[in-house]
file structure.pdb (PDB, C-alpha atoms and all ligand atoms)
MODEL        1
ATOM      1  CA  MET A 118       0.000   0.000   0.000  1.00  0.00           C
ATOM      2  CA  LYS A 119       2.724   2.391   1.087  1.00  0.00           C
ATOM      3  CA  GLU A 120       4.767   1.220  -1.918  1.00  0.00           C
ATOM      4  CA  GLU A 121       1.908   2.142  -4.268  1.00  0.00           C
ATOM      5  CA  ARG A 122       1.589   5.612  -2.777  1.00  0.00           C
ATOM      6  CA  MET A 123       5.343   6.129  -3.185  1.00  0.00           C
ATOM      7  CA  ASN A 124       5.202   5.064  -6.821  1.00  0.00           C
ATOM      8  CA  ASP A 125       2.337   7.471  -7.536  1.00  0.00           C
ATOM      9  CA  ASN A 126       4.063  10.446  -5.971  1.00  0.00           C
ATOM     10  CA  PRO A 127       5.792  12.659  -8.575  1.00  0.00           C
ATOM     11  CA  LEU A 128       8.337  13.690  -5.934  1.00  0.00           C
ATOM     12  CA  PHE A 129       9.759  10.164  -6.137  1.00  0.00           C
ATOM     13  CA  SER A 130      10.506  10.711  -9.833  1.00  0.00           C
ATOM     14  CA  ILE A 131      13.148  13.334  -9.053  1.00  0.00           C
ATOM     15  CA  SER A 132      16.678  11.924  -9.550  1.00  0.00           C
ATOM     16  CA  TYR A 133      19.370  12.221  -6.887  1.00  0.00           C
ATOM     17  CA  GLY A 134      22.856  10.968  -6.111  1.00  0.00           C
ATOM     18  CA  LEU A 135      23.968   9.709  -2.692  1.00  0.00           C
ATOM     19  CA  TYR A 136      26.611  11.319  -0.508  1.00  0.00           C
ATOM     20  CA  LEU A 137      28.274  11.189   2.862  1.00  0.00           C
ATOM     21  CA  VAL A 138      28.249  14.674   4.384  1.00  0.00           C
ATOM     22  CA  SER A 139      30.707  15.007   7.249  1.00  0.00           C
ATOM     23  CA  ALA A 140      31.651  17.616   9.820  1.00  0.00           C
ATOM     24  CA  ARG A 141      34.032  18.309  12.689  1.00  0.00           C
ATOM     25  CA  ASP A 142      32.824  20.125  15.756  1.00  0.00           C
ATOM     26  CA  ASN A 143      34.529  20.447  19.126  1.00  0.00           C
ATOM     27  CA  GLY A 144      37.026  17.701  18.290  1.00  0.00           C
ATOM     28  CA  LYS A 145      34.337  15.194  17.236  1.00  0.00           C
ATOM     29  CA  ILE A 146      33.978  14.002  13.661  1.00  0.00           C
ATOM     30  CA  ASN A 147      30.738  12.577  12.295  1.00  0.00           C
ATOM     31  CA  GLY A 148      28.762  12.243   9.103  1.00  0.00           C
ATOM     32  CA  CYS A 149      25.526  10.984   7.613  1.00  0.00           C
ATOM     33  CA  ILE A 150      24.144   9.841   4.273  1.00  0.00           C
ATOM     34  CA  ILE A 151      22.127  12.353   2.293  1.00  0.00           C
ATOM     35  CA  ASN A 152      20.697  12.499  -1.211  1.00  0.00           C
ATOM     36  CA  THR A 153      19.975  16.225  -1.205  1.00  0.00           C
ATOM     37  CA  ILE A 154      23.173  17.746  -2.596  1.00  0.00           C
ATOM     38  CA  GLN A 155      23.174  20.111  -5.536  1.00  0.00           C
ATOM     39  CA  GLN A 156      25.495  22.583  -7.204  1.00  0.00           C
ATOM     40  CA  LEU A 157      23.585  25.862  -6.894  1.00  0.00           C
ATOM     41  CA  CYS A 158      25.860  28.380  -8.587  1.00  0.00           C
ATOM     42  CA  ASN A 159      28.849  28.482 -10.883  1.00  0.00           C
ATOM     43  CA  THR A 160      30.553  31.794 -10.007  1.00  0.00           C
ATOM     44  CA  PRO A 161      31.188  31.535  -7.170  1.00  0.00           C
ATOM     45  CA  GLU A 162      30.868  27.775  -6.995  1.00  0.00           C
ATOM     46  CA  LYS A 163      28.197  27.077  -4.389  1.00  0.00           C
ATOM     47  CA  ILE A 164      26.829  23.794  -3.121  1.00  0.00           C
ATOM     48  CA  GLY A 165      23.548  23.195  -1.284  1.00  0.00           C
ATOM     49  CA  ALA A 166      22.916  20.403   1.244  1.00  0.00           C
ATOM     50  CA  VAL A 167      19.536  19.762   2.869  1.00  0.00           C
ATOM     51  CA  ILE A 168      19.704  18.003   6.235  1.00  0.00           C
ATOM     52  CA  ASN A 169      17.091  16.994   8.804  1.00  0.00           C
ATOM     53  CA  LYS A 170      17.302  18.935  12.058  1.00  0.00           C
ATOM     54  CA  HIS A 171      17.278  15.658  14.018  1.00  0.00           C
ATOM     55  CA  CYS A 172      20.647  14.623  12.580  1.00  0.00           C
ATOM     56  CA  LEU A 173      23.703  15.227  14.730  1.00  0.00           C
ATOM     57  CA  THR A 174      25.530  16.145  11.512  1.00  0.00           C
ATOM     58  CA  HIS A 175      23.045  19.009  11.049  1.00  0.00           C
ATOM     59  CA  ASP A 176      24.022  20.550  14.395  1.00  0.00           C
ATOM     60  CA  MET A 177      27.722  19.953  13.840  1.00  0.00           C
ATOM     61  CA  ILE A 178      27.635  21.776  10.474  1.00  0.00           C
ATOM     62  CA  LYS A 179      25.540  24.557  12.004  1.00  0.00           C
ATOM     63  CA  ASN A 180      28.066  24.996  14.863  1.00  0.00           C
ATOM     64  CA  SER A 181      31.280  24.655  12.858  1.00  0.00           C
ATOM     65  CA  GLY A 182      30.236  26.342   9.598  1.00  0.00           C
ATOM     66  CA  LYS A 183      31.917  23.645   7.453  1.00  0.00           C
ATOM     67  CA  MET A 184      30.904  20.471   5.662  1.00  0.00           C
ATOM     68  CA  CYS A 185      32.694  17.903   3.518  1.00  0.00           C
ATOM     69  CA  ILE A 186      30.823  15.892   0.895  1.00  0.00           C
ATOM     70  CA  SER A 187      32.111  12.458  -0.152  1.00  0.00           C
ATOM     71  CA  ILE A 188      30.534  11.506  -3.502  1.00  0.00           C
ATOM     72  CA  LEU A 189      29.658   7.808  -3.266  1.00  0.00           C
ATOM     73  CA  THR A 190      30.262   5.312  -6.085  1.00  0.00           C
ATOM     74  CA  LYS A 191      28.111   2.561  -7.580  1.00  0.00           C
ATOM     75  CA  ASP A 192      29.952  -0.148  -5.626  1.00  0.00           C
ATOM     76  CA  THR A 193      28.963   1.306  -2.230  1.00  0.00           C
ATOM     77  CA  PRO A 194      27.696  -1.582  -0.053  1.00  0.00           C
ATOM     78  CA  TYR A 195      24.523  -1.484   1.987  1.00  0.00           C
ATOM     79  CA  GLU A 196      26.659  -1.749   5.115  1.00  0.00           C
ATOM     80  CA  LEU A 197      28.008   1.743   4.522  1.00  0.00           C
ATOM     81  CA  PHE A 198      24.510   3.190   4.055  1.00  0.00           C
ATOM     82  CA  PHE A 199      23.379   1.326   7.149  1.00  0.00           C
ATOM     83  CA  HIS A 200      26.311   2.555   9.223  1.00  0.00           C
ATOM     84  CA  PHE A 201      26.139   6.229   8.226  1.00  0.00           C
ATOM     85  CA  GLY A 202      22.472   6.514   7.263  1.00  0.00           C
ATOM     86  CA  LEU A 203      20.595   4.436   9.829  1.00  0.00           C
ATOM     87  CA  LYS A 204      22.704   5.043  12.922  1.00  0.00           C
ATOM     88  CA  SER A 205      23.402   8.327  14.679  1.00  0.00           C
ATOM     89  CA  GLY A 206      26.678   9.814  15.800  1.00  0.00           C
ATOM     90  CA  ARG A 207      24.828  10.527  19.052  1.00  0.00           C
ATOM     91  CA  ASP A 208      25.139   6.792  19.823  1.00  0.00           C
ATOM     92  CA  ILE A 209      28.397   5.712  18.181  1.00  0.00           C
ATOM     93  CA  ASN A 210      31.604   7.167  16.754  1.00  0.00           C
ATOM     94  CA  LYS A 211      30.956   6.334  13.118  1.00  0.00           C
ATOM     95  CA  PHE A 212      34.448   7.136  11.843  1.00  0.00           C
ATOM     96  CA  ASP A 213      36.071   4.726  14.337  1.00  0.00           C
ATOM     97  CA  SER A 214      35.294   1.829  12.030  1.00  0.00           C
ATOM     98  CA  VAL A 215      36.116   3.158   8.549  1.00  0.00           C
ATOM     99  CA  ASN A 216      39.162   4.396   6.689  1.00  0.00           C
ATOM    100  CA  TYR A 217      39.254   8.098   5.978  1.00  0.00           C
ATOM    101  CA  TRP A 218      41.507  10.942   4.947  1.00  0.00           C
ATOM    102  CA  LEU A 219      41.316  14.524   6.183  1.00  0.00           C
ATOM    103  CA  ASP A 220      40.739  17.535   3.919  1.00  0.00           C
ATOM    104  CA  LYS A 221      42.677  20.821   4.166  1.00  0.00           C
ATOM    105  CA  GLU A 222      40.715  21.833   7.270  1.00  0.00           C
ATOM    106  CA  SER A 223      40.699  18.366   8.876  1.00  0.00           C
ATOM    107  CA  LEU A 224      37.202  17.272   7.893  1.00  0.00           C
ATOM    108  CA  PRO A 225      37.034  13.541   7.110  1.00  0.00           C
ATOM    109  CA  TYR A 226      36.181  11.988   3.763  1.00  0.00           C
ATOM    110  CA  LEU A 227      36.047   8.285   2.978  1.00  0.00           C
ATOM    111  CA  THR A 228      38.882   6.493   1.188  1.00  0.00           C
ATOM    112  CA  ARG A 229      36.659   3.778  -0.317  1.00  0.00           C
ATOM    113  CA  HIS A 230      33.477   3.869  -2.392  1.00  0.00           C
ATOM    114  CA  VAL A 231      34.086   7.553  -3.137  1.00  0.00           C
ATOM    115  CA  ASN A 232      35.152   9.183  -6.420  1.00  0.00           C
ATOM    116  CA  SER A 233      35.543  12.800  -5.231  1.00  0.00           C
ATOM    117  CA  TYR A 234      35.136  15.025  -2.240  1.00  0.00           C
ATOM    118  CA  ILE A 235      34.035  18.656  -1.997  1.00  0.00           C
ATOM    119  CA  SER A 236      34.497  20.738   1.150  1.00  0.00           C
ATOM    120  CA  CYS A 237      32.647  23.978   1.821  1.00  0.00           C
ATOM    121  CA  HIS A 238      32.471  26.886   4.214  1.00  0.00           C
ATOM    122  CA  VAL A 239      28.808  27.481   4.991  1.00  0.00           C
ATOM    123  CA  THR A 240      27.719  30.912   3.777  1.00  0.00           C
ATOM    124  CA  SER A 241      24.036  30.656   4.677  1.00  0.00           C
ATOM    125  CA  MET A 242      21.608  28.372   6.474  1.00  0.00           C
ATOM    126  CA  THR A 243      17.878  28.480   5.723  1.00  0.00           C
ATOM    127  CA  ASP A 244      15.247  26.940   7.985  1.00  0.00           C
ATOM    128  CA  LEU A 245      12.929  24.973   5.685  1.00  0.00           C
ATOM    129  CA  GLY A 246      10.781  23.281   8.363  1.00  0.00           C
ATOM    130  CA  THR A 247      11.893  19.757   9.270  1.00  0.00           C
ATOM    131  CA  HIS A 248      15.142  20.357   7.366  1.00  0.00           C
ATOM    132  CA  SER A 249      17.715  23.132   6.920  1.00  0.00           C
ATOM    133  CA  LEU A 250      19.371  24.153   3.673  1.00  0.00           C
ATOM    134  CA  PHE A 251      23.101  24.756   4.075  1.00  0.00           C
ATOM    135  CA  VAL A 252      24.707  26.701   1.252  1.00  0.00           C
ATOM    136  CA  GLY A 253      28.483  26.545   1.072  1.00  0.00           C
ATOM    137  CA  GLU A 254      31.393  27.923  -0.929  1.00  0.00           C
ATOM    138  CA  ILE A 255      34.075  25.405  -1.882  1.00  0.00           C
ATOM    139  CA  TYR A 256      37.451  25.671  -0.109  1.00  0.00           C
ATOM    140  CA  ASP A 257      38.858  22.255  -1.047  1.00  0.00           C
ATOM    141  CA  SER A 258      37.907  19.518  -3.501  1.00  0.00           C
ATOM    142  CA  LYS A 259      39.501  16.615  -5.330  1.00  0.00           C
ATOM    143  CA  LYS A 260      38.625  14.036  -7.948  1.00  0.00           C
ATOM    144  CA  ILE A 261      39.984  10.743  -6.596  1.00  0.00           C
ATOM    145  CA  ASN A 262      39.078   8.223  -9.311  1.00  0.00           C
ATOM    146  CA  ASP A 263      36.781   7.619 -12.296  1.00  0.00           C
ATOM    147  CA  MET A 264      34.273   5.271 -10.669  1.00  0.00           C
ATOM    148  CA  PRO A 265      30.703   6.306 -11.590  1.00  0.00           C
ATOM    149  CA  SER A 266      28.621   7.990  -8.890  1.00  0.00           C
ATOM    150  CA  ILE A 267      25.765   6.024  -7.362  1.00  0.00           C
ATOM    151  CA  LEU A 268      22.181   7.218  -7.868  1.00  0.00           C
ATOM    152  CA  TYR A 269      19.444   7.075  -5.250  1.00  0.00           C
ATOM    153  CA  GLN A 270      17.570   4.791  -7.668  1.00  0.00           C
ATOM    154  CA  ASP A 271      20.503   2.323  -7.561  1.00  0.00           C
ATOM    155  CA  TYR A 272      20.063   2.163  -3.795  1.00  0.00           C
ATOM    156  CA  PHE A 273      16.460   1.005  -4.242  1.00  0.00           C
ATOM    157  CA  ASP A 274      17.185  -1.204  -7.265  1.00  0.00           C
ATOM    158  CA  TYR A 275      20.129  -3.266  -6.037  1.00  0.00           C
ATOM    159  CA  VAL A 276      21.756  -1.989  -2.837  1.00  0.00           C
ATOM    160  CA  LYS A 277      19.009  -2.033  -0.202  1.00  0.00           C
ATOM    161  CA  PRO A 278      17.885  -5.538   0.738  1.00  0.00           C
ATOM    162  CA  GLN A 279      14.284  -6.116  -0.370  1.00  0.00           C
ATOM    163  CA  ALA A 280      11.773  -5.502   2.421  1.00  0.00           C
ATOM    164  CA  SER A 281      10.442  -9.027   2.123  1.00  0.00           C
ATOM    165  CA  TYR A 282      13.946 -10.428   2.469  1.00  0.00           C
ATOM    166  CA  ILE A 283      15.301  -8.573   5.491  1.00  0.00           C
ATOM    167  CA  SER A 284      14.198  -5.556   7.504  1.00  0.00           C
ATOM    168  CA  ASP A 285      16.562  -2.884   8.785  1.00  0.00           C
ATOM    169  CA  ASP A 286      15.934  -4.164  12.336  1.00  0.00           C
ATOM    170  CA  GLU A 287      16.770  -7.744  11.383  1.00  0.00           C
ATOM    171  CA  TYR A 288      19.859  -6.546   9.585  1.00  0.00           C
ATOM    172  CA  ARG A 289      20.875  -4.521  12.635  1.00  0.00           C
ATOM    173  CA  SER A 290      20.646  -7.583  14.939  1.00  0.00           C
ATOM    174  CA  GLU A 291      22.527  -9.693  12.424  1.00  0.00           C
ATOM    175  CA  LEU A 292      25.349  -7.149  12.309  1.00  0.00           C
ATOM    176  CA  MET A 293      25.448  -6.927  16.080  1.00  0.00           C
ATOM    177  CA  MET A 294      25.616 -10.718  16.396  1.00  0.00           C
ATOM    178  CA  GLN A 295      28.555 -10.776  14.054  1.00  0.00           C
ATOM    179  CA  GLY A 296      30.315  -8.088  16.070  1.00  0.00           C
ATOM    180  CA  GLU A 297      30.265  -5.878  12.994  1.00  0.00           C
ATOM    181  CA  SER A 298      32.828  -8.093  11.293  1.00  0.00           C
ATOM    182  CA  VAL A 299      30.762  -7.690   8.137  1.00  0.00           C
ATOM    183  CA  MET A 300      31.520  -3.979   8.273  1.00  0.00           C
ATOM    184  CA  SER A 301      35.221  -4.698   8.613  1.00  0.00           C
ATOM    185  CA  GLN A 302      35.252  -6.863   5.529  1.00  0.00           C
ATOM    186  CA  MET A 303      33.124  -4.583   3.384  1.00  0.00           C
ATOM    187  CA  MET A 304      34.653  -1.291   4.350  1.00  0.00           C
ATOM    188  CA  GLY A 305      38.317  -2.080   4.981  1.00  0.00           C
ATOM    189  CA  ILE A 306      38.205  -1.170   8.631  1.00  0.00           C
ATOM    190  CA  ASN A 307      41.586  -0.203   9.871  1.00  0.00           C
ATOM    191  CA  ARG A 308      41.542  -0.333  13.629  1.00  0.00           C
ATOM    192  CA  THR A 309      45.074  -1.720  13.453  1.00  0.00           C
ATOM    193  CA  VAL A 310      46.733   1.412  12.037  1.00  0.00           C
ATOM    194  CA  SER A 311      47.303   2.202  15.526  1.00  0.00           C
ATOM    195  CA  LYS A 312      48.807   3.801  18.471  1.00  0.00           C
ATOM    196  CA  GLU A 313      51.038   0.751  18.961  1.00  0.00           C
ATOM    197  CA  ALA A 314      52.311   0.980  15.394  1.00  0.00           C
ATOM    198  CA  THR A 315      52.810   4.709  15.228  1.00  0.00           C
ATOM    199  CA  GLY A 316      52.662   6.144  18.720  1.00  0.00           C
ATOM    200  CA  LYS A 317      50.041   8.552  17.406  1.00  0.00           C
ATOM    201  CA  THR A 318      46.333   8.767  17.942  1.00  0.00           C
ATOM    202  CA  LYS A 319      44.017   7.613  15.193  1.00  0.00           C
ATOM    203  CA  GLU A 320      43.278  11.149  14.081  1.00  0.00           C
ATOM    204  CA  ASP A 321      46.929  12.218  14.120  1.00  0.00           C
ATOM    205  CA  THR A 322      47.736   9.231  11.996  1.00  0.00           C
ATOM    206  CA  ILE A 323      45.210  10.080   9.276  1.00  0.00           C
ATOM    207  CA  ILE A 324      44.211   6.519   8.551  1.00  0.00           C
ATOM    208  CA  THR A 325      45.994   5.211   5.490  1.00  0.00           C
ATOM    209  CA  PRO A 326      43.999   3.178   2.978  1.00  0.00           C
ATOM    210  CA  ASP A 327      44.248  -0.540   3.400  1.00  0.00           C
ATOM    211  CA  THR A 328      45.492  -1.410  -0.063  1.00  0.00           C
ATOM    212  CA  LYS A 329      44.435  -5.039   0.284  1.00  0.00           C
ATOM    213  CA  ASN A 330      40.821  -3.968   0.430  1.00  0.00           C
ATOM    214  CA  LEU A 331      40.838  -1.114  -2.017  1.00  0.00           C
ATOM    215  CA  VAL A 332      38.877  -1.684  -5.178  1.00  0.00           C
ATOM    216  CA  VAL A 333      39.990   1.588  -6.732  1.00  0.00           C
ATOM    217  CA  SER A 334      43.206   3.540  -6.485  1.00  0.00           C
ATOM    218  CA  VAL A 335      43.302   6.425  -4.051  1.00  0.00           C
ATOM    219  CA  ASN A 336      45.488   9.492  -4.459  1.00  0.00           C
ATOM    220  CA  GLU A 337      47.554  10.898  -1.649  1.00  0.00           C
ATOM    221  CA  PRO A 338      45.720  13.786  -0.023  1.00  0.00           C
ATOM    222  CA  SER A 339      47.191  17.175  -0.882  1.00  0.00           C
TER     223      SER A 339
HETATM  224  C1  LIG B   1      19.731   6.266   1.402  1.00  0.00           C
HETATM  225  C2  LIG B   1      19.582   7.318   2.487  1.00  0.00           C
HETATM  226  C3  LIG B   1      19.351   8.649   2.143  1.00  0.00           C
HETATM  227  C4  LIG B   1      19.213   9.631   3.135  1.00  0.00           C
HETATM  228  N1  LIG B   1      19.000  10.936   2.769  1.00  0.00           N
HETATM  229  C5  LIG B   1      18.928  11.905   3.728  1.00  0.00           C
HETATM  230  C6  LIG B   1      18.785  13.299   3.383  1.00  0.00           C
HETATM  231  O1  LIG B   1      18.762  13.674   2.199  1.00  0.00           O
HETATM  232  N2  LIG B   1      18.706  14.220   4.390  1.00  0.00           N
HETATM  233  C7  LIG B   1      18.748  13.843   5.713  1.00  0.00           C
HETATM  234  O2  LIG B   1      18.676  14.712   6.590  1.00  0.00           O
HETATM  235  N3  LIG B   1      18.896  12.533   6.072  1.00  0.00           N
HETATM  236  C8  LIG B   1      18.984  11.570   5.121  1.00  0.00           C
HETATM  237  N4  LIG B   1      19.145  10.250   5.479  1.00  0.00           N
HETATM  238  C9  LIG B   1      19.102   9.881   6.914  1.00  0.00           C
HETATM  239  C10 LIG B   1      20.385  10.208   7.711  1.00  0.00           C
HETATM  240  O3  LIG B   1      21.538   9.707   7.052  1.00  0.00           O
HETATM  241  C11 LIG B   1      20.222   9.557   9.100  1.00  0.00           C
HETATM  242  O4  LIG B   1      19.189  10.226   9.803  1.00  0.00           O
HETATM  243  C12 LIG B   1      21.482   9.465   9.942  1.00  0.00           C
HETATM  244  O5  LIG B   1      21.301   8.438  10.901  1.00  0.00           O
HETATM  245  C13 LIG B   1      21.825  10.739  10.704  1.00  0.00           C
HETATM  246  O6  LIG B   1      23.014  10.515  11.408  1.00  0.00           O
HETATM  247  P1  LIG B   1      23.635  11.569  12.452  1.00  0.00           P
HETATM  248  O7  LIG B   1      22.633  11.731  13.579  1.00  0.00           O
HETATM  249  O8  LIG B   1      24.911  10.941  12.898  1.00  0.00           O
HETATM  250  O9  LIG B   1      23.851  12.858  11.718  1.00  0.00           O
HETATM  251  C14 LIG B   1      19.300   9.260   4.512  1.00  0.00           C
HETATM  252  C15 LIG B   1      19.564   7.915   4.849  1.00  0.00           C
HETATM  253  C16 LIG B   1      19.704   6.951   3.847  1.00  0.00           C
HETATM  254  C17 LIG B   1      19.986   5.512   4.243  1.00  0.00           C
ENDMDL
END

call {"tool": "encode", "arguments": {"input": "structure.pdb", "output": "structure tokens", "more": "lines below"}}
Ligand SMILES: Cc1cc2nc3c(=O)[nH]c(=O)nc-3n(C[C@H](O)[C@H](O)[C@H](O)COP(=O)(O)O)c2cc1C
result
Amino acid sequence: MKEERMNDNPLFSISYGLYLVSARDNGKINGCIINTIQQLCNTPEKIGAVINKHCLTHDMIKNSGKMCISILTKDTPYELFFHFGLKSGRDINKFDSVNYWLDKESLPYLTRHVNSYISCHVTSMTDLGTHSLFVGEIYDSKKINDMPSILYQDYFDYVKPQASYISDDEYRSELMMQGESVMSQMMGINRTVSKEATGKTKEDTIITPDTKNLVVSVNEPS
């Protein structure tokens, strides 16, 4: 029934990509999945991101005035959407279990399943109701590889498990039972680039990509 209503709604015919938008506020880094990214202007180059006020990432961008957008690729596994899009940074430290680099102002972007990142200083924030529109001017960006970007439609077509097959709740318990080892395998978790190895904290270290797990080449950050 709900499915039918969704299919009849013209709003569901609008095309989107999928992105990880991340922020750093008061020493904490966090991010969430969004589909609502758009280039709004050419000169100057401005990007818009629409984020629900309930998201921790919303408040972190509001407080810090910066956001970094990782553009996700077609090979992005459901586990990554689940981790960043169905859990909140209020409950877990999401970046503890993934590999990431830092941009010029130390905002994190993912090393895997990403073809580019774009970082912005927020120039305006508009209250839209449930969501806010953040408009930002680009201060750092990089094309990392040529993998095609994933579309929101791809998420429904082949990434998200079918509702009849497994629910998000079932998937959550399955992941918990496996101690999130699935995440490690899918996302190249690098808990072992470590204090012991380097004498530095995880953030000082700037996690290096685990080349064994990389499916695409990753450039050194500038
Ligand atoms: C495929 C997908 C698309 C999403 N798109 C958006 C979006 O456009 N805007 C938004 O505010 N949240 C969106 N979300 C939900 C947030 O990612 C989610 O609320 C997240 O848990 C917030 O995490 P945080 O509290 O750590 O910021 C999406 C989630 C998924 C799985």

call {"tool": "atom_distance", "arguments": {"input": "structure.pdb", "atom1": "CA of Glu254 in chain A", "atom2": "CA of Thr174 in chain A"}}
result
18.1 Å

call {"tool": "resolve_selection", "arguments": {"input": "structure.pdb", "expression": "the PyMOL selection byres (((not hetatm)) within 9 of (chain B and resi 1))", "output": "VMD selection string"}}
result
chain A and resid 135 to 139 147 to 154 166 to 177 195 197 to 211 247 to 249 269 272 to 273 277

call {"tool": "axis_aligned_box", "arguments": {"input": "structure.pdb", "around": "range 180-197 of chain A", "padding_each_side": "4 Å", "output": "AutoDock Vina command-line options"}}
result
--center_x 28.6 --center_y 12.3 --center_z 3.6 --size_x 16.2 --size_y 36.1 --size_z 30.4

call {"tool": "atom_distance", "arguments": {"input": "structure.pdb", "atom1": "CA of Gly165 in chain A", "atom2": "CA of Lys183 in chain A"}}
result
12.1 Å

call {"tool": "residues_around", "arguments": {"input": "structure.pdb", "residues": "Lys259 in chain A", "least_positions_apart": "4", "cutoff": "7 Å", "atoms": "all atoms listed in the file", "output": "JSON, numbers by chain"}}
result
{"A": [233, 234, 235]}

call {"tool": "atom_distance", "arguments": {"input": "structure.pdb", "atom1": "CA of Asn126 in chain A", "atom2": "CA of Gly246 in chain A"}}
result
20.4 Å

call {"tool": "residues_around", "arguments": {"input": "structure.pdb", "residues": "Asp257 in chain A", "least_positions_apart": "6", "cutoff": "12 Å", "atoms": "all atoms listed in the file", "output": "mmCIF file with C-alpha atoms, keeping the file's coordinate frame"}}
result
data_model
loop_
_atom_site.group_PDB
_atom_site.id
_atom_site.type_symbol
_atom_site.label_atom_id
_atom_site.label_comp_id
_atom_site.auth_asym_id
_atom_site.auth_seq_id
_atom_site.Cartn_x
_atom_site.Cartn_y
_atom_site.Cartn_z
ATOM 1 C CA GLU A 162 30.868 27.775 -6.995
ATOM 2 C CA LYS A 183 31.917 23.645 7.453
ATOM 3 C CA MET A 184 30.904 20.471 5.662
ATOM 4 C CA CYS A 185 32.694 17.903 3.518
ATOM 5 C CA ILE A 186 30.823 15.892 0.895
ATOM 6 C CA SER A 187 32.111 12.458 -0.152
ATOM 7 C CA LEU A 219 41.316 14.524 6.183
ATOM 8 C CA ASP A 220 40.739 17.535 3.919
ATOM 9 C CA LYS A 221 42.677 20.821 4.166
ATOM 10 C CA GLU A 222 40.715 21.833 7.270
ATOM 11 C CA SER A 223 40.699 18.366 8.876
ATOM 12 C CA LEU A 224 37.202 17.272 7.893
ATOM 13 C CA TYR A 226 36.181 11.988 3.763
ATOM 14 C CA SER A 233 35.543 12.800 -5.231
ATOM 15 C CA TYR A 234 35.136 15.025 -2.240
ATOM 16 C CA ILE A 235 34.035 18.656 -1.997
ATOM 17 C CA SER A 236 34.497 20.738 1.150
ATOM 18 C CA CYS A 237 32.647 23.978 1.821
ATOM 19 C CA HIS A 238 32.471 26.886 4.214
ATOM 20 C CA PRO A 338 45.720 13.786 -0.023
ATOM 21 C CA SER A 339 47.191 17.175 -0.882
#

call {"tool": "closest_residue", "arguments": {"input": "structure.pdb", "among": "A:Leu128, A:Leu245, A:Leu189, A:Leu268", "to": "His230 in chain A", "atoms": "only C-alpha atoms"}}
result
A:Leu189
